[in-house]
Amino acid sequence: MEAWRRGLNDPVSASPVAKAGPAHIATLKTFDPPLAALEGRRFRGAERRGKRLLFPTDDGELVLTVHLMTAGRLKTLRPGETGPKTPAFSLAFADGSKLVLTEAGKKKRAGVWLTTAAAADEELAHLCPEALGLDAASLGPILRREARRLHPFLRDQRAIAGIGRAWANEILHTAKLSPYALTTDLDDEEVERLAAAINEELTRGLALREQGADNDHTYRVHNRLGQPCRICATPLAQIDFEEHTIFYCPQCQTGGRVLKDRRLSRLLR
Ligand SMILES: [Zn+2]
């Protein structure tokens, strides 16, 4: 998301909005103020909080918020460049460039909100800390709030913002922690390792995305079932857990134990 933000910052603030919309009915989540309120205003740039991209107007009054979910993509089009026929949302700028949101698949999950700056601040006040830059001293208390398994905990945007399922796999592998370990069971040294791994992996991911690296050149654990672990060469394993597939090294992370698929073992019992 940080790579998206950096890529969008200059294009969106180059020129004022000439036409806001159209927007797919399932994509635009707000109606007051109307989208047309953006017309004639210029964005200050692109900001990010967790997985949300924020585009505040430079008069400080309005904020356009975009959440891409998993399938949404934001793209800027140069003047005259042809874009998708039916974007989920589009903004045309006075210089002829455009910002378009597309979403693969039939289900529209990505969202666009236009709110006052005050309403956006209020909403963001309830968001949790950003993963990137989190140190062990701040991570410890969040981990100890309640006993949860590490993989779903890391992905929970209400606990820590900015980690998706792929990066949860990468982070736990680097930290040498089991995806099933309980947050409340980690000792101080493990909390240190987890905080360091979060920063190390997200920084690595950000740098690779900025270089335009694809998934194959970015992930070292995610989607790599059966491939050798980069540390111990044990074939990587996978386990389905709560609608997600977790990838891990059964040597580095779980001390030689293969994790059991809870749903499957229940069915077979
Ligand atoms: Zn390993």
# chains A, B, ... in the order shown; residues from 1 in each chain; ligands from 1

call {"tool": "residues_near_ligand", "arguments": {"ligand": "ligand 1", "cutoff": "10 Å", "atoms": "only C-alpha atoms and all ligand atoms", "output": "ChimeraX atom specification"}}
result
/A:173-174,176,221,228-236,248-256

call {"tool": "residues_around", "arguments": {"residues": "region 107-116 of chain A", "least_positions_apart": "4", "cutoff": "7 Å", "atoms": "only C-alpha atoms", "output": "ChimeraX atom specification"}}
result
/A:26-30,33,35,61-69,72,103,120

call {"tool": "residues_around", "arguments": {"residues": "region 136-152 of chain A", "least_positions_apart": "4", "cutoff": "7 Å", "atoms": "only C-alpha atoms", "output": "count of residues only"}}
result
11

call {"tool": "select_by_dssp", "arguments": {"residues": "region 104-235 of chain A", "states": "alpha helix (DSSP H)", "output": "MDAnalysis selection string"}}
result
chainID A and resid 117:124 136:144 150:155 165:175 188:210

call {"tool": "closest_residue", "arguments": {"among": "A:Gly205, A:Ala18, A:Arg49, A:Thr82", "to": "Ile160 (chain A)", "atoms": "only C-alpha atoms"}}
result
A:Arg49

call {"tool": "closest_residue", "arguments": {"among": "A:Leu99, A:Thr218, A:Ala88, A:Arg224", "to": "Lys75 (chain A)", "atoms": "only C-alpha atoms"}}
result
A:Leu99

call {"tool": "residues_around", "arguments": {"residues": "Arg41 (chain A)", "least_positions_apart": "2", "cutoff": "7 Å", "atoms": "only C-alpha atoms", "output": "list in words"}}
result
Pro16, Val17, Leu38, Glu39, Phe43 and Thr57 of chain A

call {"tool": "write_last_selection", "arguments": {"atoms": "C-alpha atoms", "output": "tab-separated table (two decimals), in the first residue's frame"}}
result
chain	number	residue	atom	x	y	z
A	16	PRO	CA	-7.68	20.24	-9.69
A	17	VAL	CA	-10.56	17.78	-10.10
A	38	LEU	CA	-14.73	17.66	-5.21
A	39	GLU	CA	-14.97	19.47	-8.53
A	43	PHE	CA	-5.84	17.23	-3.64
A	57	THR	CA	-8.21	18.38	-0.51
